[in-house]
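The data block below is my_file.tsv; it holds TSV, C-alpha atoms and all ligand atoms.
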chain	number	residue	atom	x	y	z
A	1	MET	CA	-179.51	140.31	-29.44
A	2	ILE	CA	-180.35	136.58	-29.33
A	3	ASP	CA	-184.14	136.42	-29.55
A	4	GLU	CA	-184.33	132.74	-28.54
A	5	LEU	CA	-182.46	133.21	-25.21
A	6	GLU	CA	-183.04	135.22	-22.08
A	7	SER	CA	-179.37	135.23	-21.24
A	8	PHE	CA	-176.17	134.41	-23.07
A	9	PRO	CA	-173.42	133.77	-20.51
A	10	PHE	CA	-169.77	133.77	-21.59
A	11	THR	CA	-166.38	134.80	-20.27
A	12	SER	CA	-164.96	138.06	-21.61
A	13	GLY	CA	-162.54	137.33	-24.45
A	14	GLN	CA	-164.46	134.38	-25.92
A	15	PHE	CA	-165.76	134.28	-29.49
A	16	VAL	CA	-168.84	133.11	-31.35
A	17	SER	CA	-168.86	131.20	-34.63
A	18	ALA	CA	-171.11	132.75	-37.23
A	19	VAL	CA	-172.60	130.62	-39.99
A	20	ALA	CA	-174.04	131.70	-43.35
A	21	THR	CA	-174.40	130.41	-46.89
A	22	ASP	CA	-172.38	132.13	-49.61
A	23	ALA	CA	-173.37	132.93	-53.20
A	24	ASN	CA	-172.35	129.39	-54.32
A	25	GLY	CA	-174.65	127.78	-51.75
A	26	LYS	CA	-171.67	126.76	-49.60
A	27	GLN	CA	-171.95	127.01	-45.82
A	28	GLN	CA	-169.29	129.30	-44.38
A	29	THR	CA	-168.30	129.65	-40.72
A	30	ARG	CA	-166.10	132.37	-39.23
A	31	ALA	CA	-165.09	133.21	-35.67
A	32	TYR	CA	-165.79	136.65	-34.19
A	33	SER	CA	-164.60	137.75	-30.76
A	34	ILE	CA	-167.28	139.14	-28.53
A	35	ALA	CA	-166.62	142.85	-28.09
A	36	SER	CA	-168.52	143.28	-24.83
A	37	ALA	CA	-168.91	141.72	-21.40
A	38	ALA	CA	-171.86	139.38	-20.80
A	39	ARG	CA	-175.18	141.22	-20.40
A	40	GLU	CA	-178.57	139.51	-20.69
A	41	ASN	CA	-179.06	138.16	-24.21
A	42	ARG	CA	-177.01	140.81	-26.00
A	43	PHE	CA	-173.45	141.10	-27.16
A	44	ASP	CA	-171.41	143.33	-29.46
A	45	LEU	CA	-169.13	142.42	-32.36
A	46	CYS	CA	-166.45	144.57	-33.94
A	47	VAL	CA	-166.02	143.60	-37.57
A	48	ASN	CA	-164.29	145.36	-40.43
A	49	ARG	CA	-164.72	144.63	-44.10
A	50	VAL	CA	-161.90	142.49	-45.47
A	51	GLU	CA	-161.45	143.21	-49.17
A	52	GLY	CA	-162.77	140.30	-51.22
A	53	GLY	CA	-163.83	138.38	-48.09
A	54	PHE	CA	-167.31	136.84	-47.88
A	55	PHE	CA	-168.20	136.84	-44.21
A	56	SER	CA	-166.94	140.20	-43.03
A	57	ASN	CA	-168.82	141.89	-45.87
A	58	HIS	CA	-171.92	139.78	-45.26
A	59	LEU	CA	-171.98	140.93	-41.61
A	60	ALA	CA	-171.25	144.54	-42.47
A	61	ASP	CA	-174.08	144.50	-45.04
A	62	LEU	CA	-176.48	143.11	-42.40
A	63	THR	CA	-175.82	146.08	-40.10
A	64	GLU	CA	-176.84	148.43	-42.90
A	65	LEU	CA	-180.30	146.86	-43.24
A	66	GLU	CA	-183.27	148.52	-41.55
A	67	PRO	CA	-184.19	147.42	-38.85
A	68	GLY	CA	-181.04	145.22	-38.96
A	69	GLY	CA	-180.44	141.70	-40.22
A	70	SER	CA	-179.81	138.45	-38.40
A	71	VAL	CA	-177.14	135.77	-38.55
A	72	GLN	CA	-176.85	132.30	-37.03
A	73	VAL	CA	-174.16	131.90	-34.37
A	74	HIS	CA	-172.95	129.16	-32.04
A	75	GLY	CA	-170.78	129.46	-28.99
A	76	PRO	CA	-169.35	130.81	-26.82
A	77	HIS	CA	-165.98	129.27	-27.66
A	78	GLY	CA	-162.33	129.84	-26.86
A	79	HIS	CA	-159.79	130.16	-24.08
A	80	PHE	CA	-158.60	133.70	-24.66
A	81	ILE	CA	-159.68	134.79	-21.21
A	82	LEU	CA	-158.14	136.66	-18.28
A	83	HIS	CA	-156.25	134.79	-15.57
A	84	GLU	CA	-157.90	134.99	-12.19
A	85	PRO	CA	-157.16	136.38	-9.71
A	86	VAL	CA	-156.47	139.38	-11.88
A	87	THR	CA	-152.80	140.40	-12.11
A	88	ASP	CA	-151.04	143.33	-13.73
A	89	SER	CA	-151.89	142.84	-17.40
A	90	ILE	CA	-150.83	144.25	-20.75
A	91	LEU	CA	-153.62	143.99	-23.32
A	92	ILE	CA	-152.23	144.36	-26.82
A	93	ALA	CA	-154.37	144.59	-29.94
A	94	THR	CA	-154.38	145.82	-33.49
A	95	GLY	CA	-157.39	146.40	-35.72
A	96	THR	CA	-160.50	144.48	-34.74
A	97	GLY	CA	-158.33	142.60	-32.22
A	98	ILE	CA	-159.65	145.33	-29.92
A	99	ALA	CA	-162.90	143.32	-29.61
A	100	PRO	CA	-161.94	140.94	-26.76
A	101	MET	CA	-160.06	143.76	-25.01
A	102	ARG	CA	-163.27	145.76	-24.82
A	103	GLY	CA	-164.89	142.68	-23.29
A	104	TYR	CA	-162.11	142.49	-20.67
A	105	ALA	CA	-162.33	146.21	-19.92
A	106	GLN	CA	-166.10	146.09	-19.44
A	107	TRP	CA	-165.75	143.09	-17.12
A	108	LEU	CA	-162.86	144.59	-15.11
A	109	PHE	CA	-164.44	148.01	-14.75
A	110	PRO	CA	-168.22	147.55	-14.97
A	111	GLU	CA	-170.35	150.67	-15.11
A	112	ASP	CA	-172.87	149.35	-12.62
A	113	GLY	CA	-170.95	147.02	-10.31
A	114	PRO	CA	-167.79	146.65	-8.26
A	115	ASP	CA	-164.40	147.06	-9.90
A	116	ARG	CA	-162.83	143.62	-10.56
A	117	SER	CA	-159.31	144.84	-11.35
A	118	ASN	CA	-158.01	144.20	-7.80
A	119	GLY	CA	-156.17	147.52	-8.07
A	120	LYS	CA	-153.78	145.89	-10.55
A	121	GLU	CA	-152.25	147.90	-13.38
A	122	ILE	CA	-153.99	147.27	-16.70
A	123	TRP	CA	-152.44	148.67	-19.87
A	124	LEU	CA	-154.32	148.59	-23.17
A	125	VAL	CA	-151.96	149.12	-26.08
A	126	TYR	CA	-153.88	149.51	-29.32
A	127	GLY	CA	-152.26	149.89	-32.68
A	128	THR	CA	-153.66	150.69	-36.08
A	129	ARG	CA	-152.61	152.57	-39.18
A	130	HIS	CA	-154.97	155.52	-39.34
A	131	GLU	CA	-156.87	157.68	-36.87
A	132	THR	CA	-160.21	156.59	-38.39
A	133	GLU	CA	-159.56	153.00	-37.19
A	134	VAL	CA	-159.15	153.80	-33.49
A	135	TYR	CA	-162.29	151.93	-32.45
A	136	TYR	CA	-163.97	152.81	-29.12
A	137	GLN	CA	-161.42	155.57	-28.45
A	138	ALA	CA	-163.80	157.82	-26.47
A	139	GLU	CA	-164.96	154.87	-24.38
A	140	PHE	CA	-161.44	153.78	-23.43
A	141	GLU	CA	-160.35	157.36	-22.75
A	142	ALA	CA	-163.31	157.81	-20.41
A	143	LEU	CA	-162.43	154.57	-18.63
A	144	ALA	CA	-158.81	155.67	-18.22
A	145	ALA	CA	-159.94	159.03	-16.84
A	146	LYS	CA	-162.13	157.27	-14.28
A	147	HIS	CA	-159.72	154.48	-13.24
A	148	PRO	CA	-156.12	155.50	-12.49
A	149	ASN	CA	-154.96	151.88	-12.86
A	150	PHE	CA	-156.29	151.61	-16.45
A	151	HIS	CA	-153.85	152.99	-19.00
A	152	TYR	CA	-154.93	153.46	-22.60
A	153	LEU	CA	-152.26	153.84	-25.27
A	154	ALA	CA	-153.43	154.18	-28.87
A	155	THR	CA	-150.61	154.28	-31.39
A	156	LEU	CA	-150.72	154.91	-35.13
A	157	SER	CA	-148.24	153.55	-37.64
A	158	ARG	CA	-149.33	155.94	-40.42
A	159	ALA	CA	-150.46	158.99	-38.50
A	160	LYS	CA	-151.19	162.31	-40.16
A	161	GLU	CA	-149.22	165.28	-38.91
A	162	SER	CA	-152.25	166.47	-36.92
A	163	TRP	CA	-152.26	163.32	-34.71
A	164	THR	CA	-150.98	164.30	-31.28
A	165	GLY	CA	-151.02	160.79	-29.78
A	166	LEU	CA	-148.47	157.98	-29.86
A	167	ARG	CA	-146.83	156.79	-33.05
A	168	GLY	CA	-145.18	153.56	-34.16
A	169	TYR	CA	-145.85	149.89	-33.56
A	170	VAL	CA	-147.38	148.29	-30.46
A	171	GLN	CA	-144.17	146.29	-29.79
A	172	ASP	CA	-142.24	149.45	-28.98
A	173	HIS	CA	-144.80	150.71	-26.49
A	174	VAL	CA	-145.08	147.29	-24.86
A	175	ALA	CA	-141.28	147.29	-24.41
A	176	ARG	CA	-141.46	150.68	-22.71
A	177	ILE	CA	-144.18	149.47	-20.32
A	178	VAL	CA	-142.18	146.36	-19.40
A	179	GLU	CA	-138.99	148.33	-18.82
A	180	GLU	CA	-140.61	151.13	-16.81
A	181	ARG	CA	-142.43	148.61	-14.64
A	182	ALA	CA	-139.21	146.70	-13.95
A	183	VAL	CA	-137.49	149.93	-12.89
A	184	ARG	CA	-140.44	151.02	-10.73
A	185	LEU	CA	-140.64	147.66	-8.93
A	186	GLY	CA	-136.87	147.15	-8.73
A	187	LEU	CA	-137.04	143.99	-10.87
A	188	PRO	CA	-134.39	142.79	-13.31
A	189	LEU	CA	-135.06	143.96	-16.87
A	190	VAL	CA	-134.82	140.39	-18.12
A	191	GLN	CA	-136.87	137.98	-16.04
A	192	PRO	CA	-134.88	135.09	-14.51
A	193	GLU	CA	-135.63	131.71	-16.05
A	194	VAL	CA	-138.48	129.78	-14.41
A	195	ASP	CA	-137.43	126.63	-12.51
A	196	PRO	CA	-138.21	123.81	-15.00
A	197	ALA	CA	-139.07	121.54	-12.04
A	198	ILE	CA	-142.27	123.53	-11.40
A	199	PRO	CA	-145.22	121.79	-13.09
A	200	LYS	CA	-146.73	123.96	-15.83
A	201	ALA	CA	-150.17	123.91	-14.21
A	202	GLU	CA	-148.70	125.45	-11.06
A	203	LEU	CA	-146.92	128.32	-12.76
A	204	GLU	CA	-148.17	131.72	-11.70
A	205	PHE	CA	-146.91	135.13	-12.70
A	206	ASP	CA	-147.47	138.65	-11.42
A	207	ILE	CA	-148.04	139.96	-14.92
A	208	TYR	CA	-149.55	138.50	-18.10
A	209	ALA	CA	-149.80	139.78	-21.65
A	210	TYR	CA	-152.88	139.20	-23.81
A	211	ILE	CA	-152.38	139.72	-27.53
A	212	CYS	CA	-155.03	139.75	-30.23
A	213	GLY	CA	-154.87	140.52	-33.93
A	214	LEU	CA	-153.20	139.33	-37.10
A	215	ASN	CA	-150.38	136.80	-36.87
A	216	ASN	CA	-147.54	139.16	-37.81
A	217	MET	CA	-148.20	141.46	-34.90
A	218	VAL	CA	-148.84	138.60	-32.47
A	219	SER	CA	-145.50	137.00	-33.39
A	220	GLY	CA	-143.69	140.33	-33.12
A	221	VAL	CA	-144.97	140.98	-29.60
A	222	ARG	CA	-144.31	137.40	-28.49
A	223	GLU	CA	-140.71	137.69	-29.67
A	224	LYS	CA	-140.29	141.01	-27.90
A	225	LEU	CA	-141.56	139.58	-24.62
A	226	ALA	CA	-139.44	136.43	-24.98
A	227	GLY	CA	-136.48	138.81	-25.20
A	228	TYR	CA	-137.37	140.05	-21.70
A	229	GLY	CA	-137.35	136.46	-20.45
A	230	TRP	CA	-141.14	136.17	-20.33
A	231	HIS	CA	-142.35	132.60	-20.02
A	232	ARG	CA	-144.56	131.15	-22.78
A	233	LYS	CA	-147.39	130.71	-20.26
A	234	GLN	CA	-147.29	134.42	-19.45
A	235	VAL	CA	-148.34	135.35	-22.94
A	236	VAL	CA	-151.88	134.51	-23.98
A	237	PHE	CA	-152.83	135.21	-27.58
A	238	GLU	CA	-155.55	134.95	-30.20
A	239	ARG	CA	-154.69	135.07	-33.89
A	240	TYR	CA	-157.25	136.17	-36.46
A	241	ASP	CA	-155.45	134.74	-39.49
B	301	LIG	C1	-160.83	133.40	-32.81
B	301	LIG	C2	-161.05	134.43	-33.90
B	301	LIG	C3	-161.73	135.60	-33.60
B	301	LIG	C4	-161.93	136.56	-34.60
B	301	LIG	N1	-162.57	137.71	-34.27
B	301	LIG	C5	-162.74	138.69	-35.20
B	301	LIG	C6	-163.36	139.93	-34.86
B	301	LIG	O1	-163.74	140.18	-33.71
B	301	LIG	N2	-163.51	140.84	-35.85
B	301	LIG	C7	-163.09	140.61	-37.14
B	301	LIG	O2	-163.27	141.51	-37.99
B	301	LIG	N3	-162.51	139.46	-37.49
B	301	LIG	C8	-162.33	138.48	-36.56
B	301	LIG	N4	-161.75	137.28	-36.91
B	301	LIG	C9	-161.46	137.05	-38.33
B	301	LIG	C10	-162.73	136.48	-38.99
B	301	LIG	O3	-162.99	135.17	-38.52
B	301	LIG	C11	-162.61	136.40	-40.51
B	301	LIG	O4	-161.41	135.72	-40.85
B	301	LIG	C12	-162.61	137.77	-41.18
B	301	LIG	O5	-163.83	138.46	-40.92
B	301	LIG	C13	-162.44	137.59	-42.69
B	301	LIG	O6	-163.43	136.74	-43.16
B	301	LIG	P1	-163.98	136.86	-44.66
B	301	LIG	O7	-164.88	135.72	-44.94
B	301	LIG	O8	-164.52	138.26	-44.92
B	301	LIG	O9	-162.65	136.76	-45.51
B	301	LIG	P2	-161.84	135.43	-45.90
B	301	LIG	O10	-162.08	135.20	-47.31
B	301	LIG	O11	-162.11	134.33	-44.95
B	301	LIG	O12	-160.37	135.97	-45.56
B	301	LIG	C14	-159.64	136.84	-46.37
B	301	LIG	C15	-158.26	137.12	-45.73
B	301	LIG	O13	-158.41	138.12	-44.71
B	301	LIG	C16	-157.48	137.89	-43.65
B	301	LIG	N5	-158.09	138.42	-42.40
B	301	LIG	C17	-158.74	137.74	-41.44
B	301	LIG	N6	-159.18	138.57	-40.49
B	301	LIG	C18	-158.79	139.81	-40.84
B	301	LIG	C19	-158.94	141.08	-40.24
B	301	LIG	N7	-159.60	141.24	-39.09
B	301	LIG	N8	-158.42	142.16	-40.89
B	301	LIG	C20	-157.76	142.02	-42.07
B	301	LIG	N9	-157.57	140.81	-42.67
B	301	LIG	C21	-158.09	139.73	-42.06
B	301	LIG	C22	-157.23	136.41	-43.64
B	301	LIG	O14	-155.84	136.20	-43.44
B	301	LIG	C23	-157.62	135.93	-45.02
B	301	LIG	O15	-156.46	135.61	-45.75
B	301	LIG	C24	-161.49	136.32	-35.93
B	301	LIG	C25	-160.82	135.14	-36.22
B	301	LIG	C26	-160.59	134.20	-35.23
B	301	LIG	C27	-159.85	132.94	-35.57
What does the file become when written as structure tokens?
Amino acid sequence: MIDELESFPFTSGQFVSAVATDANGKQQTRAYSIASAARENRFDLCVNRVEGGFFSNHLADLTELEPGGSVQVHGPHGHFILHEPVTDSILIATGTGIAPMRGYAQWLFPEDGPDRSNGKEIWLVYGTRHETEVYYQAEFEALAAKHPNFHYLATLSRAKESWTGLRGYVQDHVARIVEERAVRLGLPLVQPEVDPAIPKAELEFDIYAYICGLNNMVSGVREKLAGYGWHRKQVVFERYD
């Protein structure tokens, strides 16, 4: 909650910059994606502790204080936002990269307002190592149960035997989505090359991918999509490292 403001408007997918002084008296700033859609003067963050890192641990320690600590932020910043009008979209995240995706989902399918998804197909492909890191699972499952055009795929790379959900890396599930969609719509599996005469600003596509997480995963998914002939402009991404 921002005490000084009555409202804090932003576009889902944007981040705030948090500022704090470390043990050596040095001012540190880190970016954190907003993990909710805009609502009055409140927003959510999804932060995990990075071993040996200052800021992630500073924030995590604040949440353990009673009645809660405070931190200075500025923003909103960033261009990791949904194209409008909304198209079919594949949202791909690992780890805390789920944060902006939760913001998108809350904006697309608000609890107390009209659906903004335009009836388009929205896939959320979320990858992590262990079951304990599947953040907001119940929330996304409830959303998928309520909205037939929202598809939630959580996949684990190091699942225990008891895990009954998907396994493996996000890239593989993204590939399956792209291929099944092409078959369903009668489209070629590899997209034809875009006419280079079309100015970049005028390019529009019927599907976009939004990727958020650590660089390795982002690069892996971008390469996979490039293999299907996806245009650079069709793939929007945010890297955390
Ligand atoms: C636009 C943007 C949005 C971001 N949003 C979030 C967010 O919503 N939630 C979040 O937890 N982090 C987010 N980050 C990462 C965040 O800014 C910090 O880098 C992270 O919290 C580590 O900071 P630190 O001071 O604890 O560690 P540092 O000492 O700064 O970093 C230690 C190492 O951790 C790596 N690292 C960075 N982020 C992660 C991560 N999430 N998991 C594992 N390793 C990581 C870095 O490569 C770095 O080498 C975002 C980064 C950017 C650029």
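Of the listed residues (A:Tyr32, A:Phe205, A:Tyr136, A:Phe43), A:Tyr32 comes nearest to ligand LIG 301 (chain B); the distances count only C-alpha atoms and all ligand atoms.
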Shell of 9 Å around ligand LIG 301 (chain B) (only C-alpha atoms and all ligand atoms), written as JSON, numbers by chain: {"A": [14, 15, 16, 17, 18, 28, 29, 30, 31, 32, 33, 34, 35, 45, 46, 47, 48, 49, 50, 51, 52, 53, 54, 55, 56, 57, 58, 59, 77, 78, 80, 94, 95, 96, 97, 98, 99, 100, 212, 213, 214, 215, 238, 239, 240, 241]}
Pull C-alpha atoms from the residues just selected and write them as a tab-separated table (two decimals), in the coordinates of the input.
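The new file part37.tsv reads:
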chain	number	residue	atom	x	y	z
A	14	GLN	CA	-164.46	134.38	-25.92
A	15	PHE	CA	-165.76	134.28	-29.49
A	16	VAL	CA	-168.84	133.11	-31.35
A	17	SER	CA	-168.86	131.20	-34.63
A	18	ALA	CA	-171.11	132.75	-37.23
A	28	GLN	CA	-169.29	129.30	-44.38
A	29	THR	CA	-168.30	129.65	-40.72
A	30	ARG	CA	-166.10	132.37	-39.23
A	31	ALA	CA	-165.09	133.21	-35.67
A	32	TYR	CA	-165.79	136.65	-34.19
A	33	SER	CA	-164.60	137.75	-30.76
A	34	ILE	CA	-167.28	139.14	-28.53
A	35	ALA	CA	-166.62	142.85	-28.09
A	45	LEU	CA	-169.13	142.42	-32.36
A	46	CYS	CA	-166.45	144.57	-33.94
A	47	VAL	CA	-166.02	143.60	-37.57
A	48	ASN	CA	-164.29	145.36	-40.43
A	49	ARG	CA	-164.72	144.63	-44.10
A	50	VAL	CA	-161.90	142.49	-45.47
A	51	GLU	CA	-161.45	143.21	-49.17
A	52	GLY	CA	-162.77	140.30	-51.22
A	53	GLY	CA	-163.83	138.38	-48.09
A	54	PHE	CA	-167.31	136.84	-47.88
A	55	PHE	CA	-168.20	136.84	-44.21
A	56	SER	CA	-166.94	140.20	-43.03
A	57	ASN	CA	-168.82	141.89	-45.87
A	58	HIS	CA	-171.92	139.78	-45.26
A	59	LEU	CA	-171.98	140.93	-41.61
A	77	HIS	CA	-165.98	129.27	-27.66
A	78	GLY	CA	-162.33	129.84	-26.86
A	80	PHE	CA	-158.60	133.70	-24.66
A	94	THR	CA	-154.38	145.82	-33.49
A	95	GLY	CA	-157.39	146.40	-35.72
A	96	THR	CA	-160.50	144.48	-34.74
A	97	GLY	CA	-158.33	142.60	-32.22
A	98	ILE	CA	-159.65	145.33	-29.92
A	99	ALA	CA	-162.90	143.32	-29.61
A	100	PRO	CA	-161.94	140.94	-26.76
A	212	CYS	CA	-155.03	139.75	-30.23
A	213	GLY	CA	-154.87	140.52	-33.93
A	214	LEU	CA	-153.20	139.33	-37.10
A	215	ASN	CA	-150.38	136.80	-36.87
A	238	GLU	CA	-155.55	134.95	-30.20
A	239	ARG	CA	-154.69	135.07	-33.89
A	240	TYR	CA	-157.25	136.17	-36.46
A	241	ASP	CA	-155.45	134.74	-39.49
Contact residues around A:His147 with all atoms listed in the file at 12 Å, ignoring same-chain residues under 3 positions, as a count of residues only: 22
Selected residue of minimal separation from A:Asp195 among A:Ser219, A:Glu4, A:Ala175, A:His231, counting all atoms listed in the file: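 Smallest separation from A:Asp195 among the options: A:His231.
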Among the residues A:Ala37, A:Glu223, A:His130, A:Gly103, the one that comes closest to A:Glu161 [using all atoms listed in the file]: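 Looking only at the distances to A:Glu161, the closest residue turns out to be A:His130.
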Sel. within 7 Å of pt (-147.2, 146.3, -24.4), counting all atoms listed in the file, output as an MDAnalysis selection string: chainID A and resid 90:92 125 170:171 173:175 177
Restrict the selected residues to C-alpha atoms and save them as a PDB file, in the coordinates of the input.
ATOM      1  CA  ILE A  90    -150.830 144.250 -20.750  1.00  0.00           C
ATOM      2  CA  LEU A  91    -153.620 143.990 -23.320  1.00  0.00           C
ATOM      3  CA  ILE A  92    -152.230 144.360 -26.820  1.00  0.00           C
ATOM      4  CA  VAL A 125    -151.960 149.120 -26.080  1.00  0.00           C
ATOM      5  CA  VAL A 170    -147.380 148.290 -30.460  1.00  0.00           C
ATOM      6  CA  GLN A 171    -144.170 146.290 -29.790  1.00  0.00           C
ATOM      7  CA  HIS A 173    -144.800 150.710 -26.490  1.00  0.00           C
ATOM      8  CA  VAL A 174    -145.080 147.290 -24.860  1.00  0.00           C
ATOM      9  CA  ALA A 175    -141.280 147.290 -24.410  1.00  0.00           C
ATOM     10  CA  ILE A 177    -144.180 149.470 -20.320  1.00  0.00           C
TER      11      ILE A 177
END
For atom CA of A:Ser7 and atom CA of A:Thr63, the interatomic separation in Å (one decimal): 22.0 Å
Non-local contacts of A:Arg129 (12 Å; all atoms listed in the file; under 4 positions in same chain excluded) as number ranges by chain: A: 94-95, 133-135, 154-160, 163, 166-170
Emit the selected residues as a compact mmCIF listing (two decimals), keeping the file's coordinate frame, including C-alpha atoms.
# COMPACT_ATOMS: atom_id res chain seq x y z
CA THR A 94 -154.38 145.82 -33.49
CA GLY A 95 -157.39 146.40 -35.72
CA GLU A 133 -159.56 153.00 -37.19
CA VAL A 134 -159.15 153.80 -33.49
CA TYR A 135 -162.29 151.93 -32.45
CA ALA A 154 -153.43 154.18 -28.87
CA THR A 155 -150.61 154.28 -31.39
CA LEU A 156 -150.72 154.91 -35.13
CA SER A 157 -148.24 153.55 -37.64
CA ARG A 158 -149.33 155.94 -40.42
CA ALA A 159 -150.46 158.99 -38.50
CA LYS A 160 -151.19 162.31 -40.16
CA TRP A 163 -152.26 163.32 -34.71
CA LEU A 166 -148.47 157.98 -29.86
CA ARG A 167 -146.83 156.79 -33.05
CA GLY A 168 -145.18 153.56 -34.16
CA TYR A 169 -145.85 149.89 -33.56
CA VAL A 170 -147.38 148.29 -30.46
Atom-to-atom span, atom CA of A:Leu187 and atom CA of A:Phe237, Å: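 Atom CA of A:Phe237 lies at a distance of 24.6 Å from atom CA of A:Leu187.
Picture a line from atom CA of A:Glu193 to atom CA of A:Arg232; it runs 11.2 Å.
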Selected residue, from A:Tyr126, A:Leu82, A:Met1, A:Phe8, that lies nearest to A:Ser70 when counting only C-alpha atoms: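 Of all the options, A:Met1 lies closest to A:Ser70.
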Distance criterion (all atoms listed in the file): nearest to A:Arg222 out of A:Tyr208, A:Glu40, A:Val183, A:Lys26: A:Tyr208
Nearest residue to A:Val178 from the set A:Lys146, A:Arg39, A:Lys224, A:Lys233 (distances using all atoms listed in the file): A:Lys224
